[in-house]
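> Contents are mmCIF, C-alpha atoms; file name entry-v8.cif:
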data_work
loop_
_atom_site.label_atom_id
_atom_site.label_comp_id
_atom_site.auth_asym_id
_atom_site.auth_seq_id
_atom_site.Cartn_x
_atom_site.Cartn_y
_atom_site.Cartn_z
CA MET A 273 13.05 -6.94 -11.29
CA ASN A 274 10.33 -8.22 -8.98
CA ILE A 275 8.69 -5.61 -6.78
CA GLY A 276 6.41 -6.55 -3.89
CA ILE A 277 3.68 -4.45 -2.31
CA VAL A 278 2.26 -5.61 1.04
CA VAL A 279 -0.82 -3.83 2.36
CA ALA A 280 -3.53 -4.35 4.94
CA HIS A 281 -6.68 -3.60 2.94
CA PRO A 282 -7.95 -3.47 -0.63
CA ASP A 283 -7.31 0.07 -1.94
CA ASP A 284 -4.24 0.69 0.27
CA GLU A 285 -1.98 -0.38 -2.59
CA VAL A 286 -3.50 2.26 -4.89
CA LEU A 287 -3.63 5.02 -2.31
CA GLY A 288 -0.10 4.36 -1.12
CA CYS A 289 1.81 3.87 -4.34
CA GLY A 290 -0.54 3.37 -7.28
CA GLY A 291 1.34 5.82 -9.47
CA SER A 292 4.65 4.11 -8.74
CA ILE A 293 3.18 0.66 -9.40
CA ALA A 294 1.98 1.81 -12.81
CA ARG A 295 5.36 3.36 -13.61
CA TRP A 296 7.27 0.26 -12.53
CA ALA A 297 4.97 -1.98 -14.55
CA ARG A 298 5.38 0.20 -17.63
CA GLY A 299 9.13 -0.07 -17.14
CA GLY A 300 8.97 -3.84 -17.44
CA HIS A 301 9.12 -4.76 -13.77
CA ALA A 302 6.89 -7.48 -12.31
CA VAL A 303 4.82 -5.87 -9.57
CA GLN A 304 2.92 -8.17 -7.23
CA THR A 305 0.66 -7.13 -4.38
CA LEU A 306 -0.30 -8.98 -1.21
CA ILE A 307 -3.46 -7.76 0.54
CA LEU A 308 -3.61 -9.24 4.02
CA GLY A 309 -7.05 -8.17 5.24
CA GLN A 310 -10.64 -8.68 4.16
CA GLY A 311 -11.48 -4.98 4.31
CA ALA A 312 -14.91 -3.32 4.66
CA MET A 313 -16.15 -5.21 7.72
CA ALA A 314 -15.11 -2.53 10.23
CA ARG A 315 -18.04 -0.44 9.01
CA ALA A 316 -21.24 -0.88 11.00
CA GLU A 317 -23.40 -1.41 7.90
CA ALA A 318 -20.98 -3.72 6.08
CA THR A 319 -21.94 -7.23 4.99
CA LEU A 320 -20.04 -10.21 3.66
CA ALA A 321 -21.26 -9.22 0.21
CA ASP A 322 -19.27 -5.98 0.57
CA VAL A 323 -16.16 -8.01 1.35
CA GLU A 324 -16.75 -10.32 -1.60
CA ARG A 325 -17.08 -7.38 -3.98
CA LEU A 326 -13.60 -6.22 -3.02
CA THR A 327 -11.91 -9.18 -4.70
CA PRO A 328 -12.95 -8.31 -8.29
CA GLN A 329 -12.36 -4.65 -7.49
CA ALA A 330 -8.81 -5.41 -6.34
CA GLU A 331 -8.21 -7.49 -9.45
CA GLU A 332 -9.55 -4.73 -11.70
CA ALA A 333 -7.39 -2.12 -9.98
CA ALA A 334 -4.33 -4.35 -10.36
CA HIS A 335 -5.11 -4.78 -14.05
CA VAL A 336 -5.33 -1.01 -14.51
CA LEU A 337 -1.96 -0.55 -12.83
CA GLY A 338 -0.32 -3.49 -14.61
CA ALA A 339 0.23 -5.57 -11.48
CA SER A 340 -0.99 -8.86 -10.03
CA VAL A 341 -2.70 -9.31 -6.67
CA HIS A 342 -3.11 -12.00 -4.02
CA ARG A 343 -5.66 -11.47 -1.27
CA LEU A 344 -5.97 -12.98 2.21
CA THR A 345 -8.78 -12.54 4.75
CA PHE A 346 -7.39 -11.42 8.09
CA PRO A 347 -10.14 -9.56 10.03
CA ASP A 348 -10.64 -5.94 9.10
CA ASN A 349 -9.26 -3.45 11.64
CA ARG A 350 -8.66 -6.34 14.03
CA PHE A 351 -5.13 -7.37 13.17
CA ASP A 352 -4.33 -6.77 16.85
CA ALA A 353 -6.57 -9.76 17.63
CA VAL A 354 -4.41 -11.99 15.42
CA PRO A 355 -1.09 -13.42 16.65
CA LEU A 356 1.67 -11.42 15.04
CA LEU A 357 3.32 -14.71 14.15
CA ASP A 358 0.38 -15.54 11.87
CA LEU A 359 0.77 -12.26 10.00
CA CYS A 360 4.52 -12.77 9.71
CA ARG A 361 4.14 -16.30 8.39
CA ALA A 362 1.60 -15.17 5.81
CA VAL A 363 4.01 -12.51 4.55
CA GLU A 364 6.96 -14.92 4.65
CA THR A 365 5.09 -17.54 2.62
CA TRP A 366 4.19 -14.99 -0.04
CA LEU A 367 7.72 -13.57 -0.13
CA ALA A 368 9.14 -17.04 -0.68
CA GLU A 369 6.90 -17.45 -3.72
CA VAL A 370 7.39 -13.98 -5.18
CA ALA A 371 11.05 -13.33 -4.24
CA PRO A 372 10.85 -9.54 -4.65
CA HIS A 373 13.99 -7.45 -4.91
CA GLU A 374 12.18 -4.53 -3.29
CA VAL A 375 9.22 -4.42 -0.89
CA TYR A 376 6.94 -1.48 -0.14
CA THR A 377 4.45 -1.37 2.72
CA HIS A 378 2.71 0.87 5.25
CA HIS A 379 4.32 3.53 7.40
CA PRO A 380 5.04 2.00 10.86
CA GLY A 381 3.53 5.05 12.59
CA CYS A 382 0.21 5.04 10.75
CA LEU A 383 -2.96 5.68 12.76
CA ASN A 384 -4.64 2.52 11.48
CA VAL A 385 -3.76 -0.51 13.62
CA ASP A 386 -3.84 -2.90 10.65
CA HIS A 387 -1.39 -0.68 8.80
CA ARG A 388 1.03 -0.60 11.73
CA LEU A 389 0.97 -4.34 12.23
CA THR A 390 1.39 -4.97 8.51
CA ALA A 391 4.53 -2.84 8.56
CA GLU A 392 5.83 -4.75 11.58
CA ALA A 393 5.10 -8.10 9.96
CA VAL A 394 6.91 -7.03 6.80
CA LEU A 395 9.99 -5.92 8.74
CA VAL A 396 10.05 -9.27 10.54
CA ALA A 397 9.46 -11.28 7.38
CA THR A 398 12.15 -9.43 5.41
CA ARG A 399 14.92 -9.77 7.98
CA PRO A 400 18.23 -9.97 6.08
CA ILE A 401 19.16 -13.45 7.25
CA ASP A 402 20.15 -14.68 3.80
CA ARG A 403 20.84 -13.36 0.33
CA ALA A 404 17.23 -13.89 -0.71
CA ALA A 405 16.09 -11.02 1.52
CA PRO A 406 14.79 -7.94 -0.33
CA ARG A 407 17.47 -5.35 -0.92
CA LEU A 408 15.07 -2.50 -0.13
CA VAL A 409 12.14 -2.19 2.27
CA ALA A 410 10.33 1.14 2.22
CA SER A 411 7.08 2.57 3.56
CA PHE A 412 4.45 4.83 2.04
CA GLU A 413 1.69 6.99 3.43
CA VAL A 414 -1.98 6.13 2.96
CA PRO A 415 -4.26 9.18 2.77
CA SER A 416 -6.94 9.28 5.50
CA ALA A 417 -4.78 7.19 7.83
CA THR A 418 -1.11 8.14 7.95
CA GLU A 419 -1.56 11.90 8.13
CA TRP A 420 -4.07 11.61 10.97
CA ALA A 421 -1.46 10.17 13.34
CA PHE A 422 -0.50 13.73 14.15
CA ALA A 423 2.27 12.83 16.59
CA THR A 424 4.08 10.87 13.88
CA THR A 425 5.89 12.84 11.21
CA VAL A 426 6.46 11.25 7.81
CA ARG A 427 9.98 12.05 6.67
CA PRO A 428 10.34 10.67 3.14
CA ASN A 429 13.79 10.05 1.71
CA LEU A 430 12.83 8.24 -1.50
CA PHE A 431 10.69 9.69 -4.27
CA VAL A 432 9.23 8.27 -7.49
CA GLU A 433 8.05 10.64 -10.18
CA VAL A 434 4.51 9.73 -11.26
CA THR A 435 3.77 12.58 -13.64
CA GLU A 436 2.90 10.15 -16.44
CA THR A 437 0.98 7.69 -14.26
CA LEU A 438 -0.92 9.85 -11.77
CA GLU A 439 -4.16 9.63 -13.74
CA THR A 440 -3.71 5.86 -13.98
CA LYS A 441 -3.63 5.84 -10.17
CA ILE A 442 -6.88 7.83 -10.08
CA GLN A 443 -8.43 5.42 -12.58
CA ALA A 444 -7.38 2.43 -10.47
CA MET A 445 -8.81 4.06 -7.36
CA ARG A 446 -12.17 4.41 -9.11
CA CYS A 447 -12.32 0.60 -9.15
CA TYR A 448 -12.92 0.91 -5.41
CA ALA A 449 -16.01 3.06 -5.83
CA GLU A 450 -17.16 2.66 -2.22
CA GLU A 451 -13.79 3.84 -0.89
CA MET A 452 -13.61 7.14 -2.76
CA ARG A 453 -15.01 10.27 -1.14
CA PRO A 454 -15.89 13.77 -2.37
CA PHE A 455 -13.46 16.65 -1.91
CA PRO A 456 -11.99 17.65 0.52
CA HIS A 457 -11.73 14.09 1.87
CA PRO A 458 -8.15 12.72 1.58
CA ARG A 459 -9.39 9.89 -0.68
CA SER A 460 -10.95 12.24 -3.21
CA PRO A 461 -9.33 12.48 -6.66
CA GLU A 462 -8.57 16.16 -6.04
CA MET A 463 -6.66 15.43 -2.85
CA LEU A 464 -4.76 12.52 -4.38
CA ARG A 465 -3.62 14.82 -7.15
CA ALA A 466 -2.74 17.53 -4.64
CA LEU A 467 -0.63 15.13 -2.57
CA ALA A 468 1.26 13.98 -5.66
CA GLN A 469 1.82 17.59 -6.67
CA ARG A 470 3.03 18.44 -3.18
CA TRP A 471 5.70 15.74 -3.24
CA GLY A 472 6.48 16.52 -6.85
CA ALA A 473 7.22 20.12 -5.91
CA VAL A 474 9.67 18.88 -3.28
CA ILE A 475 11.83 17.24 -5.97
CA GLY A 476 11.08 19.64 -8.82
CA VAL A 477 8.68 17.58 -10.93
CA PRO A 478 4.91 17.89 -11.55
CA ALA A 479 3.93 14.82 -9.48
CA ALA A 480 5.60 12.24 -7.25
CA GLU A 481 4.97 9.65 -4.55
CA ALA A 482 7.04 9.67 -1.37
CA PHE A 483 8.53 6.78 0.58
CA THR A 484 10.59 6.32 3.70
CA ILE A 485 13.38 3.77 3.49
CA LEU A 486 13.12 1.32 6.40
CA ARG A 487 16.02 -0.89 5.35
CA GLU A 488 18.38 -0.86 2.37
CA ILE A 489 21.14 -3.28 1.50
CA ARG A 490 23.59 -2.23 -1.18
#
Please rewrite the model in this file as structure tokens.

Amino acid sequence: MNIGIVVAHPDDEVLGCGGSIARWARGGHAVQTLILGQGAMARAEATLADVERLTPQAEEAAHVLGASVHRLTFPDNRFDAVPLLDLCRAVETWLAEVAPHEVYTHHPGCLNVDHRLTAEAVLVATRPIDRAAPRLVASFEVPSATEWAFATTVRPNLFVEVTETLETKIQAMRCYAEEMRPFPHPRSPEMLRALAQRWGAVIGVPAAEAFTILREIR
């Protein structure tokens, strides 16, 4: 089965569902990731060299997880300056090439504007207008973004156990050295483990990742 991951920035794919990607890949599924944005440039001190370094980092992280990655260069934290149609067409073009059975993307209520618009573009691009449309579209949370939209409550209804692949997720995240932070930041290894343990406890396993189904066709 082909599984597609569509995210706004390099590292979102790991933070959002890295453990699940590794589990799916180990199970023989083809997992392919589309990264829409350049990343990094929203920081005041960032340079084009920082953006360029993200490409090998994304490729290394994908290798660790057992996935493949395709990266575009929409402006970092400025997706709202881009016509939504352009985002939708970029996702549609990639979907036509990959033909995923399932697609996972950002939570529509995330604090980060790029995350929200990515989710909207995915929902538009995956409209069930023919039988080639993905059978499942689901969203994940991204630590240090989703939980800070305090008025929006994440209500997951799909869980993937990642007990055996949680440390692979942490390893993949280390590929993005500049994006990790010391505890108690949400992108610290300790907090990523704690989040997985929290959702694991909800379903009675040591570690899990949580998703919210946006559309499912059975």
> Counting only C-alpha atoms, what is within 7 Å of segment 457-463 of chain A, bar same-chain residues fewer than 6 positions away, as JSON, numbers by chain?
{"A": [415, 416, 442]}
> Excluding Val477 of chain A and its own-chain neighbours fewer than 5 positions away, which residues fall within 9 Å of it when counting all atoms listed in the file? Please give them as a list in words.
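Residues near the query, excluding close chain neighbours: Glu433, Val434, Thr435, Gln469, Trp471 and Gly472 of chain A.
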> Could you turn the residues from that selection into a file that holds C-alpha atoms, as a short mmCIF file (atom, residue, chain, number, x, y, z; two decimals), keeping the file's coordinate frame?

data_model
loop_
_atom_site.label_atom_id
_atom_site.label_comp_id
_atom_site.auth_asym_id
_atom_site.auth_seq_id
_atom_site.Cartn_x
_atom_site.Cartn_y
_atom_site.Cartn_z
CA GLU A 433 8.05 10.64 -10.18
CA VAL A 434 4.51 9.73 -11.26
CA THR A 435 3.77 12.58 -13.64
CA GLN A 469 1.82 17.59 -6.67
CA TRP A 471 5.70 15.74 -3.24
CA GLY A 472 6.48 16.52 -6.85
#
> Write out as a tab-separated table (two decimals) with C-alpha atoms, in the frame of the given file the residues lying within 9 Å of Cys447 of chain A, counting all atoms listed in the file and excluding same-chain residues fewer than 6 positions away.

chain	number	residue	atom	x	y	z
A	283	ASP	CA	-7.31	0.07	-1.94
A	328	PRO	CA	-12.95	-8.31	-8.29
A	329	GLN	CA	-12.36	-4.65	-7.49
A	330	ALA	CA	-8.81	-5.41	-6.34
A	332	GLU	CA	-9.55	-4.73	-11.70
A	333	ALA	CA	-7.39	-2.12	-9.98
A	336	VAL	CA	-5.33	-1.01	-14.51
> At what distance in Å, to one decimal, does atom CA of Ile293 of chain A lie from atom CA of Val385 of chain A?
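Value for the atom CA of Val385 of chain A-atom CA of Ile293 of chain A distance: 24.1 Å.
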> What gap, in Å, lies between atom CA of Gly299 of chain A and atom CA of Arg465 of chain A?
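Between atom CA of Gly299 of chain A and atom CA of Arg465 of chain A the gap works out to 22.0 Å.
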> Considering all atoms listed in the file, can you say which of A:Phe431, A:Phe422, A:Trp296, A:Tyr376 comes closest to Gly476 of chain A?
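The shortest atom-to-atom distance to Gly476 of chain A comes from A:Phe431.
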> Please list as JSON, numbers by chain every residue within 9 Å of Ala371 of chain A, counting all atoms listed in the file and excluding residues in the same chain fewer than 2 positions away.
{"A": [274, 275, 276, 366, 367, 368, 369, 373, 374, 404, 405, 406]}
> In Å, how far is it from atom CA of Gly381 of chain A to atom CA of Thr424 of chain A?
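Answer for the atom CA of Gly381 of chain A to atom CA of Thr424 of chain A separation: 6.0 Å.
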> Name the residues captured by the PyMOL selection byres ((chain A and resi 359) around 12) when it is applied to the shown file; answer as a PyMOL selection string.
chain A and resi 278-280+306-309+344-347+350-358+360-366+386-397
> For Glu488 of chain A, which residue among A:Gln310, A:Ser411, A:Asn384, A:Thr418 is the nearest when counting only C-alpha atoms?
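The closest residue to Glu488 of chain A is A:Ser411.
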> With all atoms listed in the file as the basis for distance, which of A:Arg407, A:Val426, A:Thr398, A:Leu287 is at the shortest distance from Arg446 of chain A?
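That would be A:Leu287, the residue with the smallest distance to Arg446 of chain A.
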> Determine the nearest neighbour of Ile401 of chain A from the options A:Ala466, A:Ile489, A:His378, A:Ala421, counting all atoms listed in the file.
A:Ile489
> Go through A:Pro380, A:Ile277, A:Asn349, A:Thr440 one by one, measure the shortest atom-to-atom distance of each to Arg298 of chain A using only C-alpha atoms, and give the residue with the smallest value.
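Checking each of A:Pro380, A:Ile277, A:Asn349, A:Thr440 against Arg298 of chain A, counting only C-alpha atoms, the winner is A:Thr440.
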